[in-house]
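As stored in coords-v2.csv (CSV, C-alpha atoms):
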chain,number,residue,atom,x,y,z
M,1,MET,CA,1.7,-9.0,-16.9
M,2,VAL,CA,3.4,-6.3,-14.8
M,3,ALA,CA,0.6,-4.0,-13.6
M,4,ASN,CA,2.5,-2.2,-10.8
M,5,SER,CA,5.7,-0.3,-10.4
M,6,PHE,CA,8.9,-2.1,-9.4
M,7,SER,CA,11.4,-1.3,-6.7
M,8,THR,CA,15.2,-1.2,-6.4
M,9,ALA,CA,17.4,-1.8,-3.5
M,10,SER,CA,21.1,-2.0,-2.5
M,11,ASN,CA,23.4,-4.6,-4.0
M,12,ASN,CA,22.0,-4.0,-7.5
M,13,ARG,CA,18.8,-5.7,-6.8
M,14,ALA,CA,15.2,-5.1,-8.0
M,15,ALA,CA,11.8,-6.6,-7.1
M,16,VAL,CA,9.2,-7.0,-9.7
M,17,VAL,CA,5.6,-8.2,-9.1
M,18,THR,CA,3.6,-9.6,-11.9
M,19,THR,CA,-0.1,-10.6,-11.8
M,20,HIS,CA,1.1,-14.1,-10.7
M,21,ALA,CA,4.4,-13.9,-8.8
M,22,LEU,CA,7.1,-11.8,-7.1
M,23,TYR,CA,10.6,-11.9,-8.7
M,24,LEU,CA,13.9,-10.8,-7.2
M,25,LEU,CA,16.4,-9.8,-9.9
M,26,GLN,CA,20.1,-8.9,-9.5
M,27,LYS,CA,22.7,-7.4,-11.8
M,28,GLU,CA,26.0,-9.3,-11.6
M,29,ASN,CA,28.9,-9.1,-14.0
M,30,GLY,CA,26.9,-6.9,-16.4
M,31,LYS,CA,24.0,-9.4,-16.6
M,32,ILE,CA,20.6,-9.6,-14.9
M,33,SER,CA,19.6,-12.8,-13.3
M,34,THR,CA,16.5,-14.0,-11.5
M,35,LYS,CA,17.5,-15.0,-7.9
M,36,TRP,CA,14.0,-16.3,-7.0
M,37,ARG,CA,10.3,-16.4,-7.9
M,38,GLN,CA,7.5,-16.6,-5.3
M,39,ALA,CA,4.1,-17.3,-6.7
M,40,TYR,CA,1.1,-15.9,-4.7
M,41,ASP,CA,-2.6,-16.4,-4.4
M,42,ARG,CA,-4.1,-14.1,-7.1
M,43,GLY,CA,-7.7,-14.9,-6.3
M,44,ILE,CA,-10.6,-15.6,-8.6
M,45,ALA,CA,-10.6,-12.1,-10.3
M,46,ARG,CA,-9.9,-8.5,-9.9
M,47,LYS,CA,-11.4,-7.0,-6.7
M,48,PRO,CA,-13.3,-3.7,-6.6
M,49,GLY,CA,-10.9,-1.0,-5.7
M,50,GLN,CA,-8.0,-2.5,-7.6
M,51,LEU,CA,-6.8,-1.8,-11.2
M,52,SER,CA,-5.6,-5.3,-12.1
M,53,TRP,CA,-6.2,-9.0,-11.3
M,54,GLY,CA,-3.4,-9.9,-8.9
M,55,SER,CA,-1.3,-8.0,-6.3
M,56,GLY,CA,-2.1,-4.3,-6.2
M,57,ALA,CA,1.1,-3.5,-4.4
M,58,THR,CA,4.4,-2.3,-5.7
M,59,PRO,CA,7.1,-4.3,-3.8
M,60,THR,CA,8.7,-2.5,-0.8
M,61,PHE,CA,12.2,-3.2,0.4
M,62,PHE,CA,13.0,-2.6,4.1
M,63,GLY,CA,15.0,-3.6,7.1
M,64,THR,CA,17.2,-2.5,10.0
M,65,ASN,CA,20.6,-2.9,8.4
M,66,ALA,CA,21.8,0.5,7.1
M,67,THR,CA,23.8,-1.1,4.2
M,68,GLN,CA,21.4,-3.8,3.0
M,69,ASP,CA,17.6,-4.2,2.7
M,70,GLU,CA,16.8,-7.3,4.6
M,71,PHE,CA,13.2,-7.9,3.5
M,72,VAL,CA,10.8,-7.3,0.7
M,73,THR,CA,7.0,-7.2,1.0
M,74,ILE,CA,3.9,-7.3,-1.2
M,75,THR,CA,0.2,-8.2,-0.7
M,76,ASP,CA,-1.5,-11.0,-2.5
M,77,ASN,CA,-5.1,-11.1,-3.9
M,78,ALA,CA,-6.6,-13.9,-1.9
M,79,LYS,CA,-10.2,-13.6,-0.7
M,80,ARG,CA,-8.8,-12.3,2.5
M,81,MET,CA,-5.7,-10.5,1.4
M,82,ASN,CA,-2.4,-11.5,3.0
M,83,LEU,CA,0.7,-9.4,3.7
M,84,LEU,CA,3.7,-11.4,2.4
M,85,VAL,CA,7.2,-10.8,3.7
M,86,TYR,CA,10.3,-12.5,2.1
M,87,GLN,CA,14.0,-12.6,3.0
M,88,ASN,CA,16.0,-10.4,0.6
M,89,ASP,CA,18.6,-13.0,-0.1
M,90,ASN,CA,19.3,-15.8,-2.6
M,91,THR,CA,16.6,-18.0,-1.1
M,92,GLY,CA,13.6,-15.7,-0.9
M,93,ARG,CA,12.5,-17.5,2.3
M,94,GLU,CA,9.0,-16.5,3.4
M,95,ILE,CA,9.1,-14.7,6.7
M,96,CYS,CA,5.4,-14.5,7.2
M,97,LYS,CA,1.9,-14.5,5.7
M,98,VAL,CA,-0.5,-12.3,7.6
M,99,PRO,CA,-4.2,-11.9,6.8
M,100,LEU,CA,-5.3,-8.3,6.6
M,101,PHE,CA,-8.7,-6.7,7.3
M,102,GLY,CA,-12.0,-8.6,6.9
M,103,ASP,CA,-13.4,-10.8,4.2
M,104,ASN,CA,-15.5,-8.0,2.8
M,105,ASN,CA,-12.8,-5.4,3.1
M,106,SER,CA,-9.5,-7.0,2.1
M,107,GLY,CA,-7.7,-5.7,-1.0
M,108,THR,CA,-5.3,-2.9,-1.9
M,109,GLU,CA,-4.0,-0.9,-4.8
M,110,ASP,CA,-1.4,0.8,-2.6
M,111,SER,CA,2.2,-0.1,-1.9
M,112,SER,CA,3.0,-0.7,1.8
M,113,ILE,CA,5.1,1.7,3.9
M,114,ALA,CA,7.9,-0.2,5.5
M,115,TYR,CA,10.6,1.1,8.0
M,116,GLY,CA,12.8,-0.8,10.4
M,117,ARG,CA,10.8,-4.0,11.0
M,118,ALA,CA,7.4,-2.5,10.6
M,119,ILE,CA,5.0,-2.5,7.6
M,120,VAL,CA,1.8,-0.3,7.2
M,121,THR,CA,-0.8,-1.3,4.7
M,122,SER,CA,-4.1,0.4,3.7
M,123,SER,CA,-7.2,-1.1,2.3
M,124,THR,CA,-8.6,0.3,-0.9
M,125,TYR,CA,-11.2,-2.4,-1.3
M,126,GLY,CA,-14.3,-0.9,-3.0
M,127,TYR,CA,-12.6,2.4,-3.9
M,128,PRO,CA,-14.3,3.8,-7.0
M,129,TYR,CA,-12.2,4.9,-10.0
M,130,PRO,CA,-13.5,6.9,-13.0
M,131,LYS,CA,-11.8,4.6,-15.5
M,132,TYR,CA,-9.9,1.3,-15.4
M,133,PRO,CA,-6.9,0.2,-17.6
M,134,ASP,CA,-7.5,-1.7,-20.8
M,135,GLY,CA,-7.5,-5.4,-20.0
M,136,ALA,CA,-8.2,-5.0,-16.3
M,137,GLY,CA,-10.9,-7.6,-16.4
M,138,LYS,CA,-14.2,-7.9,-14.6
M,139,SER,CA,-14.3,-7.2,-10.9
M,140,ILE,CA,-15.9,-9.7,-8.6
M,141,PRO,CA,-18.0,-8.4,-7.0
M,142,GLU,CA,-18.8,-5.7,-9.5
M,143,LYS,CA,-19.0,-3.1,-6.7
M,144,ALA,CA,-18.5,-2.9,-2.9
M,145,PRO,CA,-18.6,-0.3,-0.2
M,146,PHE,CA,-15.4,1.5,0.6
M,147,ILE,CA,-14.8,0.7,4.3
M,148,GLY,CA,-11.1,1.6,4.4
M,149,GLY,CA,-8.7,0.7,7.1
M,150,ILE,CA,-4.9,0.9,7.8
M,151,THR,CA,-2.9,-1.7,9.7
M,152,ARG,CA,0.6,-2.1,11.0
M,153,VAL,CA,2.4,-5.5,11.0
M,154,ASP,CA,5.9,-6.0,12.6
M,155,VAL,CA,8.5,-8.7,11.7
M,156,LYS,CA,9.5,-10.5,14.9
M,157,PRO,CA,13.1,-9.8,16.2
M,158,ASP,CA,14.2,-13.4,15.4
M,159,ASN,CA,12.6,-13.3,11.9
M,160,SER,CA,10.3,-16.2,12.9
M,161,GLY,CA,7.1,-14.5,11.7
M,162,CYS,CA,5.1,-11.3,12.1
M,163,VAL,CA,2.6,-9.8,14.5
M,164,THR,CA,-0.1,-7.3,14.0
M,165,LYS,CA,0.5,-4.2,16.1
M,166,TRP,CA,-2.5,-2.0,15.4
M,167,THR,CA,-5.4,-1.4,13.1
M,168,SER,CA,-7.2,1.8,12.3
M,169,ASP,CA,-10.6,2.2,10.6
M,170,LEU,CA,-9.5,5.4,8.8
M,171,ARG,CA,-10.7,5.5,5.2
M,172,SER,CA,-7.6,6.6,3.3
M,173,ALA,CA,-8.2,8.2,-0.1
M,174,ALA,CA,-4.4,8.6,-0.8
M,175,LEU,CA,-1.4,6.4,-0.5
M,176,PRO,CA,-0.1,7.0,3.1
M,177,LYS,CA,3.4,8.3,3.6
M,178,LEU,CA,5.7,8.1,6.7
M,179,SER,CA,7.6,11.1,7.9
M,180,VAL,CA,10.5,9.6,10.0
M,181,PRO,CA,11.5,12.9,11.8
M,182,ASP,CA,8.1,13.4,13.5
M,183,ASN,CA,7.1,9.7,13.5
M,184,LEU,CA,3.8,10.5,11.7
M,185,ILE,CA,1.9,8.9,8.8
M,186,TYR,CA,0.4,11.5,6.4
M,187,THR,CA,-2.6,10.8,4.3
M,188,ILE,CA,-6.0,12.1,3.1
M,189,GLU,CA,-9.2,10.7,4.8
M,190,ARG,CA,-12.4,10.4,2.8
M,191,THR,CA,-15.7,10.8,4.8
M,192,GLY,CA,-19.3,10.9,3.7
M,193,PRO,CA,-22.8,10.0,4.7
M,194,SER,CA,-22.3,6.3,4.0
M,195,ASP,CA,-19.6,3.7,3.1
M,196,ASN,CA,-20.7,4.1,-0.5
M,197,ALA,CA,-18.2,6.6,-1.8
M,198,THR,CA,-20.1,9.5,-3.6
M,199,ALA,CA,-19.4,12.8,-5.2
M,200,LEU,CA,-20.6,14.5,-2.0
M,201,ASP,CA,-17.8,13.1,0.1
M,202,SER,CA,-15.4,15.4,2.0
M,203,TYR,CA,-11.6,15.0,2.4
M,204,HIS,CA,-9.5,15.7,5.4
M,205,PHE,CA,-5.7,15.9,5.8
M,206,VAL,CA,-4.8,13.7,8.7
M,207,THR,CA,-1.7,12.5,10.5
M,208,LEU,CA,-1.5,9.1,12.4
M,209,ASP,CA,1.0,8.1,15.1
M,210,TRP,CA,3.4,5.5,13.6
M,211,GLU,CA,3.6,3.6,16.9
M,212,THR,CA,-0.1,3.4,17.8
M,213,GLY,CA,-2.2,4.3,14.7
M,214,ALA,CA,-4.0,7.0,16.7
M,215,VAL,CA,-5.1,10.2,14.8
M,216,ARG,CA,-2.8,13.1,15.8
M,217,SER,CA,-4.3,15.9,13.7
M,218,LYS,CA,-7.1,16.4,11.3
M,219,LYS,CA,-7.8,19.4,9.0
M,220,PHE,CA,-10.6,19.9,6.4
M,221,TRP,CA,-9.0,19.7,3.0
M,222,SER,CA,-11.6,19.8,0.3
M,223,PHE,CA,-15.0,18.7,-0.9
M,224,GLY,CA,-16.6,17.1,-3.9
M,225,LEU,CA,-15.9,14.8,-6.8
M,226,LEU,CA,-12.9,16.7,-8.3
M,227,SER,CA,-11.1,16.7,-4.9
M,228,ASN,CA,-10.6,12.9,-5.1
M,229,PRO,CA,-6.9,11.9,-4.8
M,230,LEU,CA,-7.6,8.5,-6.4
M,231,GLN,CA,-5.2,6.7,-4.1
M,232,THR,CA,-2.1,8.6,-5.4
M,233,VAL,CA,0.7,9.6,-3.0
M,234,GLY,CA,1.4,13.1,-1.7
M,235,ASN,CA,4.7,14.7,-0.8
M,236,VAL,CA,5.9,16.8,2.1
M,237,GLY,CA,7.9,20.0,1.2
M,238,LEU,CA,10.9,21.4,3.0
M,239,ASP,CA,8.6,23.9,4.8
M,240,ASN,CA,6.5,20.9,6.1
M,241,SER,CA,3.6,21.7,3.8
M,242,TYR,CA,1.9,18.8,2.2
M,243,TRP,CA,1.2,18.5,-1.6
M,244,GLN,CA,-1.5,16.2,-2.9
M,245,GLY,CA,-2.6,15.6,-6.5
M,246,THR,CA,-6.4,15.3,-7.2
M,247,MET,CA,-8.6,14.8,-10.2
M,248,ASN,CA,-8.6,18.6,-10.8
M,249,GLY,CA,-5.1,19.7,-9.8
M,250,ILE,CA,-2.8,19.9,-6.8
M,251,ILE,CA,-3.7,21.0,-3.3
M,252,ARG,CA,-1.2,22.3,-0.7
M,253,VAL,CA,-1.9,22.0,3.0
M,254,LEU,CA,0.1,24.3,5.3
M,255,PRO,CA,1.4,22.9,8.6

Please lay out the structure from this file as structure tokens.
Amino acid sequence: MVANSFSTASNNRAAVVTTHALYLLQKENGKISTKWRQAYDRGIARKPGQLSWGSGATPTFFGTNATQDEFVTITDNAKRMNLLVYQNDNTGREICKVPLFGDNNSGTEDSSIAYGRAIVTSSTYGYPYPKYPDGAGKSIPEKAPFIGGITRVDVKPDNSGCVTKWTSDLRSAALPKLSVPDNLIYTIERTGPSDNATALDSYHFVTLDWETGAVRSKKFWSFGLLSNPLQTVGNVGLDNSYWQGTMNGIIRVLP
């Protein structure tokens, strides 16, 4: 089953992740063919904080070549989730498989940010949703604390593997977004009296340094159940204001 969005890249290529494998498709001579299939560890069941049993990540193309995306990345659903990076060619060679976060905090429903040779992934493990899709299946465990976390992994210059550059303990309630001109990651932080996300939690608009993961700014955004962004992505306007959807509408944050 396809439970996430799919991504397109240069050279008429698309990456589609199902609940079992990642596929690279290409359109050639008016026909679509499968260049490769890479199965991944889908785990024993859906994890808390995810909407389907399998990868929760839409594939992300990235690379340093301005005319061709060199790599494609997803996350799997192993007990300790792995970041998977593959060569965007006809072989689909695995570049790296990097464990992310801890055993009790390792899962995501978010697509990774990727730019140059760097990938940033957030943990949504334990994030509560008001409703799950039909057929999502039982979560194991049924519930878990929302600990959060964001980490950056870089592909080595010789493509021989990847290295973890930094990890932040920020509890992101939205899908983080990179602004290349100011080198900042924009997201919404969820804070509360405990790791058990509740209707009493507060939300802050934050920016993180792309190079170090350090928090560069933080501004109170909203409070309460209906302010929940539900791990959706925000957008930055031409005037540098930030727009974020919630359960009850859209909130605009001025720079």

Taking all atoms listed in the file into account, which of M:Lys47, M:Arg37, M:His204, M:Arg42 comes nearest M:Trp221?
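The shortest atom-to-atom distance to M:Trp221 comes from M:His204.
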
Rounded to one decimal place, report the atom CA of M:Ala144-atom CA of M:Lys79 distance in Å.
13.7 Å

Can you tell me, as a PyMOL selection string, what residues are no more than 12 Å from M:Gly237 when counting only C-alpha atoms, ignoring any on the same chain fewer than 5 positions away?
chain M and resi 179+242-244+252-255

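We find atom CA of M:Thr19 and atom CA of M:Pro133 to be spaced 14.0 Å apart.
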
Please list as a PyMOL selection string every residue within 10 Å of M:Ser160, counting all atoms listed in the file and excluding residues in the same chain fewer than 5 positions away.
chain M and resi 94-96+155

Give me a file of those residues, with C-alpha atoms, as a PDB file, keeping the file's coordinate frame.
ATOM      1  CA  GLU M  94       9.000 -16.500   3.400  1.00  0.00           C
ATOM      2  CA  ILE M  95       9.100 -14.700   6.700  1.00  0.00           C
ATOM      3  CA  CYS M  96       5.400 -14.500   7.200  1.00  0.00           C
ATOM      4  CA  VAL M 155       8.500  -8.700  11.700  1.00  0.00           C
TER       5      VAL M 155
END

Which is closest to M:Gly92 among M:Val180, M:Ala78, M:Ala114, M:Val72, if we use all atoms listed in the file?
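Between M:Val180, M:Ala78, M:Ala114, M:Val72, the residue approaching M:Gly92 most closely is M:Val72.
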
So that I can check the surroundings of M:Ile185, please list as number ranges by chain every protein, DNA and RNA residue that reaches within 7 Å of it, counting only C-alpha atoms and ignoring chain neighbours fewer than 6 positions away.
M: 176-179, 207-210

Which residue, M:Pro181, M:Gly245, M:Gly161, M:Gly107, has the smallest gap to M:Gly126 when you use only C-alpha atoms?
M:Gly107

Would you work out the distance separating atom CA of M:Lys165 from atom CA of M:Val233, expressed in Å to one decimal?
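One can read the atom CA of M:Lys165 to atom CA of M:Val233 distance as 23.6 Å.
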